[in-house]
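*Asks:* Just input31.txt, nothing more (compact mmCIF, C-alpha atoms):
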```
# COMPACT_ATOMS: atom_id res chain seq x y z
CA MET A 1 -7.74 -35.52 -16.05
CA SER A 2 -5.96 -32.83 -14.00
CA ALA A 3 -5.34 -33.39 -10.34
CA PRO A 4 -7.82 -31.69 -8.00
CA SER A 5 -6.69 -28.40 -6.51
CA ILE A 6 -5.33 -28.52 -2.98
CA LEU A 7 -7.50 -26.37 -0.73
CA LEU A 8 -6.19 -24.69 2.39
CA SER A 9 -8.01 -23.55 5.48
CA VAL A 10 -7.96 -19.85 6.31
CA SER A 11 -5.45 -20.43 9.10
CA ALA A 12 -3.15 -22.47 6.82
CA ALA A 13 -3.28 -19.79 4.14
CA ALA A 14 -2.55 -17.10 6.73
CA GLU A 15 0.45 -19.07 7.99
CA ARG A 16 1.89 -19.47 4.47
CA LEU A 17 1.48 -15.78 3.70
CA GLY A 18 2.56 -14.58 7.13
CA VAL A 19 -0.57 -12.51 7.77
CA HIS A 20 -3.47 -12.56 10.21
CA VAL A 21 -6.47 -14.79 9.46
CA ALA A 22 -8.63 -11.66 9.29
CA THR A 23 -6.49 -10.48 6.39
CA ILE A 24 -7.16 -13.71 4.49
CA ARG A 25 -10.91 -13.32 5.02
CA ARG A 26 -10.75 -9.73 3.80
CA TRP A 27 -8.72 -10.71 0.74
CA THR A 28 -11.27 -13.37 -0.21
CA ASP A 29 -14.15 -10.92 0.32
CA GLU A 30 -12.45 -8.37 -1.95
CA GLY A 31 -11.42 -10.86 -4.62
CA VAL A 32 -7.69 -10.76 -3.99
CA LEU A 33 -7.80 -14.51 -3.29
CA PRO A 34 -10.35 -16.98 -4.72
CA GLU A 35 -12.25 -19.17 -2.31
CA ALA A 36 -14.44 -22.25 -2.15
CA ARG A 37 -16.92 -23.17 0.57
CA THR A 38 -17.29 -26.48 2.35
CA PRO A 39 -20.80 -27.90 2.90
CA GLY A 40 -20.58 -26.40 6.36
CA GLY A 41 -19.81 -22.95 4.96
CA HIS A 42 -16.11 -22.80 5.85
CA ARG A 43 -13.72 -20.98 3.51
CA ARG A 44 -11.10 -22.92 1.58
CA ILE A 45 -8.43 -21.20 -0.54
CA PRO A 46 -6.65 -22.88 -3.49
CA ALA A 47 -3.02 -23.56 -2.57
CA GLU A 48 -1.76 -22.40 -5.97
CA ALA A 49 -3.46 -19.00 -5.51
CA VAL A 50 -1.83 -18.65 -2.09
CA GLU A 51 1.57 -19.55 -3.54
CA ARG A 52 1.14 -17.09 -6.40
CA LEU A 53 0.29 -14.28 -3.98
CA ARG A 54 3.20 -15.28 -1.76
CA ARG A 55 5.59 -14.88 -4.70
CA GLU A 56 4.07 -11.51 -5.58
CA ARG A 57 4.42 -10.30 -2.01
CA ALA A 58 8.03 -11.48 -1.90
CA GLY A 59 8.88 -8.62 -4.23
CA GLU A 60 7.51 -5.96 -1.91
CA THR A 61 9.85 -3.50 -0.25
CA ARG A 62 8.64 -3.99 3.29
CA PRO A 63 11.59 -6.08 4.58
CA GLY A 64 11.91 -7.42 8.07
CA PRO A 65 9.84 -6.65 11.15
CA VAL A 66 8.68 -3.08 11.50
CA PRO A 67 8.67 -1.35 14.91
CA SER A 68 5.30 -0.44 16.32
CA CYS A 69 3.86 2.59 14.55
CA LEU A 70 2.53 3.77 17.88
CA GLY A 71 5.74 3.25 19.81
CA GLY A 72 7.45 0.29 21.45
CA ALA A 73 8.82 -3.00 20.14
CA ALA A 74 7.98 -4.76 16.89
CA ASP A 75 4.25 -5.41 16.61
CA PRO A 76 2.48 -7.70 14.09
CA ALA A 77 -0.41 -5.23 14.20
CA ASP A 78 1.67 -2.97 11.95
CA GLU A 79 1.92 -5.74 9.37
CA ALA A 80 -1.86 -6.19 9.49
CA TRP A 81 -2.30 -2.44 9.06
CA ALA A 82 -0.02 -2.43 5.99
CA ASP A 83 -1.94 -5.36 4.51
CA HIS A 84 -5.20 -3.51 5.04
CA ALA A 85 -3.82 -0.35 3.42
CA VAL A 86 -2.68 -2.24 0.31
CA VAL A 87 -5.96 -4.15 -0.10
CA HIS A 88 -8.10 -1.11 0.69
CA THR A 89 -6.20 0.98 -1.87
CA ARG A 90 -6.60 -1.72 -4.54
CA HIS A 91 -10.34 -1.92 -3.87
CA GLU A 92 -10.79 1.86 -4.04
CA VAL A 93 -8.75 2.15 -7.24
CA ARG A 94 -11.05 -0.40 -8.89
CA ALA A 95 -14.08 1.49 -7.62
CA HIS A 96 -12.73 4.69 -9.23
CA GLY A 97 -11.90 3.14 -12.59
CA ASP A 98 -13.51 6.04 -14.46
CA ALA A 99 -11.21 8.66 -12.89
CA VAL A 100 -9.08 10.50 -15.46
CA TRP A 101 -5.85 9.75 -13.60
CA ASN A 102 -6.81 6.06 -13.41
CA GLN A 103 -7.74 5.68 -17.07
CA ALA A 104 -4.38 7.07 -18.15
CA PHE A 105 -2.68 3.71 -17.56
CA ASP A 106 -3.29 0.38 -19.30
CA GLY A 107 -3.16 -3.06 -17.66
CA ALA A 108 0.62 -3.51 -17.62
CA GLN A 109 1.19 0.06 -16.46
CA ARG A 110 -1.40 -0.34 -13.71
CA SER A 111 0.49 -3.41 -12.49
CA HIS A 112 3.62 -1.27 -12.24
CA ARG A 113 1.67 1.41 -10.40
CA ARG A 114 0.43 -1.21 -7.92
CA GLU A 115 4.01 -2.22 -7.21
CA THR A 116 4.89 1.45 -6.65
CA GLY A 117 1.96 1.69 -4.26
CA ARG A 118 3.18 -1.32 -2.27
CA GLN A 119 6.62 0.25 -2.03
CA MET A 120 5.04 3.49 -0.82
CA VAL A 121 3.14 1.67 1.91
CA GLY A 122 6.36 0.05 3.08
CA LEU A 123 8.06 3.45 3.21
CA LEU A 124 5.06 4.93 5.01
CA LEU A 125 5.34 2.27 7.71
CA ARG A 126 9.01 3.09 8.19
CA HIS A 127 8.23 6.80 8.29
CA VAL A 128 5.54 6.58 10.97
CA ALA A 129 7.76 4.20 12.98
CA GLY A 130 10.84 6.39 12.55
CA GLN A 131 12.73 3.33 11.31
CA GLY A 132 15.97 3.51 9.33
CA ASP A 133 17.84 6.50 7.96
CA ALA A 134 15.40 9.38 7.51
CA VAL A 135 17.37 10.99 4.66
CA ALA A 136 17.60 7.75 2.67
CA ARG A 137 13.93 7.01 3.31
CA SER A 138 12.93 10.48 2.16
CA ALA A 139 15.06 10.17 -0.97
CA GLU A 140 13.31 6.92 -1.90
CA VAL A 141 9.87 8.49 -1.36
CA ARG A 142 10.82 11.38 -3.64
CA ARG A 143 12.27 9.03 -6.28
CA LEU A 144 9.01 7.06 -6.48
CA ALA A 145 6.84 10.19 -6.50
CA TRP A 146 9.08 11.77 -9.14
CA GLY A 147 8.72 8.74 -11.41
CA TYR A 148 4.95 8.79 -10.98
CA ALA A 149 4.82 12.48 -11.90
CA LEU A 150 6.89 11.91 -15.04
CA ASP A 151 4.55 9.09 -16.08
CA MET A 152 1.57 11.41 -15.67
CA LYS A 153 3.31 14.19 -17.62
CA ASP A 154 4.20 11.78 -20.45
CA ARG A 155 0.51 10.96 -20.82
CA GLY A 156 -0.42 14.62 -21.10
CA LEU A 157 -2.24 14.82 -17.79
CA PRO A 158 -2.24 18.22 -16.07
CA LEU A 159 -0.84 18.78 -12.61
CA SER A 160 -4.38 19.05 -11.24
CA GLU A 161 -5.07 15.40 -12.18
CA ALA A 162 -1.77 14.22 -10.71
CA LEU A 163 -2.59 15.98 -7.46
CA ARG A 164 -6.15 14.66 -7.58
CA ALA A 165 -4.67 11.15 -7.60
CA THR A 166 -2.48 11.87 -4.57
CA LEU A 167 -5.45 13.37 -2.71
CA PHE A 168 -7.30 10.12 -3.42
CA PHE A 169 -4.46 8.07 -1.93
CA ARG A 170 -4.18 10.44 1.03
CA ASP A 171 -7.84 9.83 1.82
CA VAL A 172 -7.40 6.04 1.53
CA LEU A 173 -4.35 6.04 3.82
CA THR A 174 -6.08 8.28 6.35
CA GLU A 175 -9.05 5.90 6.43
CA SER A 176 -6.69 2.93 6.79
CA THR A 177 -5.06 4.58 9.80
CA ALA A 178 -8.28 4.23 11.75
CA TYR A 179 -8.13 0.46 11.15
CA HIS A 180 -4.78 0.01 12.87
CA PRO A 181 -5.46 -2.80 15.40
CA ARG A 182 -3.92 -0.74 18.23
CA PHE A 183 -5.36 2.62 17.19
CA GLU A 184 -8.29 2.80 19.60
CA GLU A 185 -6.16 1.53 22.48
CA LYS A 186 -4.02 4.67 22.42
CA PRO A 187 -4.84 8.11 23.85
CA PRO A 188 -6.07 10.81 21.43
CA THR A 189 -2.65 12.49 21.40
CA ASP A 190 -1.05 9.32 19.97
CA GLN A 191 -3.85 8.91 17.44
CA ILE A 192 -3.32 12.48 16.24
CA ALA A 193 0.44 11.92 16.08
CA LEU A 194 -0.01 8.89 13.86
CA MET A 195 -2.31 10.73 11.47
CA ARG A 196 0.10 13.67 11.41
CA ARG A 197 2.92 11.35 10.35
CA VAL A 198 0.76 10.02 7.51
CA ASN A 199 0.06 13.59 6.40
CA GLU A 200 3.77 14.47 6.56
CA PHE A 201 4.49 11.56 4.26
CA MET A 202 1.83 12.54 1.74
CA ASN A 203 2.91 16.19 1.86
CA GLU A 204 6.35 15.14 0.64
CA VAL A 205 4.80 13.06 -2.14
CA GLN A 206 2.62 15.94 -3.31
CA MET A 207 5.39 18.54 -3.16
CA THR A 208 7.67 16.26 -5.18
CA ILE A 209 5.01 15.82 -7.86
CA ALA A 210 4.46 19.58 -8.03
CA ARG A 211 8.21 20.17 -8.47
CA ALA A 212 8.41 17.52 -11.18
CA TYR A 213 5.76 19.40 -13.16
CA GLU A 214 7.66 22.68 -12.74
CA THR A 215 11.09 21.59 -13.94
CA ASP A 216 12.25 20.90 -17.49
CA ASP A 217 14.98 18.51 -16.32
CA PRO A 218 13.47 15.09 -15.46
CA ALA A 219 16.92 13.74 -14.49
CA VAL A 220 17.16 15.96 -11.42
CA LEU A 221 15.40 14.86 -8.27
CA PRO A 222 14.22 17.68 -6.00
CA PRO A 223 16.15 18.26 -2.77
CA ALA A 224 14.70 17.02 0.49
CA ASP A 225 12.88 19.57 2.58
CA ALA A 226 14.78 20.81 5.59
```
What is this file in structure tokens?

*Replies:*
Amino acid sequence: MSAPSILLSVSAAAERLGVHVATIRRWTDEGVLPEARTPGGHRRIPAEAVERLRRERAGETRPGPVPSCLGGAADPADEAWADHAVVHTRHEVRAHGDAVWNQAFDGAQRSHRRETGRQMVGLLLRHVAGQGDAVARSAEVRRLAWGYALDMKDRGLPLSEALRATLFFRDVLTESTAYHPRFEEKPPTDQIALMRRVNEFMNEVQMTIARAYETDDPAVLPPADA
């Protein structure tokens, strides 16, 4: 007989994963983490599922604390925002499983695309916070977008479908912006500035994809915009 699974409270799972308890509740609601319920209705999460997700998240490219996206010192609210963006994107992708750009990839390829998406969210956070070297950050954004475009081209998808996919992700990220824990605390000018930074980021992604469809040399990355 196998040993019974160790169950963690929401707060214990949040501590192990380094996220807010609200993130754990959202992940269980959306199926990212399995859950059990006590007789009193409290959530319990299997420890092995938490450990598996912790290992998966360890491969993400969102290293170290990120400065506040709305200005000031490092703020855990930014981490919560990034978590929401990743989970929200995953949920919406599943909900749009019949989209042409979504059906182009099988299970293993979709897993790779999810990893690319997590990397993009990390780069987005650094972009809106103005963290790190802007040229290097922009080059990494273009490298990821370029690879995505080549994957779409290899599967015979037209540019319109590749751009349709980026418009989908732009909408998801814009919606996620409104869920930043500090968003409503800031004046409208700061809210607009944050959304503008998100749009700047997605503009670069879309322009890179368009260039990748125009060129016959997939080994050449497009130059950064001035």

*Asks:* Ranking A:Ala193, A:Ala165, A:Leu125, A:Val19 by minimum distance to A:Gln206 and counting all atoms listed in the file, which one comes first?

*Replies:*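 Answer, going by the shortest atom-to-atom distance: A:Ala165.
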
*Asks:* Could you jot down the atom CA of A:Ser138 to atom CA of A:Leu173 separation for me, Å, one decimal place?

*Replies:*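 So the answer is 17.9 Å.
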
*Asks:* Neighbours of stretch 25-36 of chain A within 8 Å (all atoms listed in the file; same-chain residues fewer than 6 positions away dropped), as a list in words?

*Replies:*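 Residues near the query, excluding close chain neighbours: Val10, Arg43, Arg44, Ile45, Pro46, Ala49, Val50, Val87 and His91 of chain A.
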
*Asks:* Can you work out the spacing between atom CA of A:Leu123 and atom CA of A:Glu140 in Å, to one decimal?

*Replies:*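 The value is 8.1 Å.
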
*Asks:* Determine the nearest neighbour of A:Asp154 from the options A:Ala104, A:Ala13, A:Met202, A:Ala210, counting all atoms listed in the file.

*Replies:*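 Of all the options, A:Ala104 lies closest to A:Asp154.
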
*Asks:* Report, in Å with one decimal, the straight-line distance from atom CA of A:Pro187 to atom CA of A:Gln119.

*Replies:*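 Result for atom CA of A:Pro187 versus atom CA of A:Gln119: 29.4 Å, one decimal.
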
*Asks:* Sorted by chain and rising residue number, list the residues of stretch 136-222 of chain A at most 8 Å from stretch 93-101 of chain A (counting only C-alpha atoms), each with its closest atom pair and distance in Å to one decimal, as a tab-separated table.

*Replies:*
```
residue	atom	partner	partner_atom	distance
A:Met152	CA	A:Trp101	CA	7.9
A:Leu157	CA	A:Trp101	CA	7.5
A:Glu161	CA	A:Trp101	CA	5.9
A:Ala162	CA	A:Trp101	CA	6.7
A:Arg164	CA	A:Trp101	CA	7.8
A:Ala165	CA	A:Trp101	CA	6.3
```

*Asks:* Could the residues in this selection be saved with C-alpha atoms as a PDB file, keeping the file's coordinate frame?

*Replies:*
```
ATOM      1  CA  MET A 152       1.570  11.410 -15.670  1.00  0.00           C
ATOM      2  CA  LEU A 157      -2.240  14.820 -17.790  1.00  0.00           C
ATOM      3  CA  GLU A 161      -5.070  15.400 -12.180  1.00  0.00           C
ATOM      4  CA  ALA A 162      -1.770  14.220 -10.710  1.00  0.00           C
ATOM      5  CA  ARG A 164      -6.150  14.660  -7.580  1.00  0.00           C
ATOM      6  CA  ALA A 165      -4.670  11.150  -7.600  1.00  0.00           C
TER       7      ALA A 165
END
```

*Asks:* My list of candidates is A:Ser11, A:Thr23, A:Asn203, A:Asn102. Which is closest to A:Leu124 when distances are computed with all atoms listed in the file?

*Replies:*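 The shortest atom-to-atom distance to A:Leu124 comes from A:Asn203.
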
*Asks:* Return the single residue from A:Ala149, A:Met207, A:Leu194, A:Val172 that is closest to A:Val86, with distances computed using only C-alpha atoms.

*Replies:* A:Val172

*Asks:* Taking all atoms listed in the file into account, which of A:Trp146, A:Arg196, A:Asp151, A:His42 comes nearest A:Arg211?

*Replies:*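 Distance minimum relative to A:Arg211 lands on A:Trp146.
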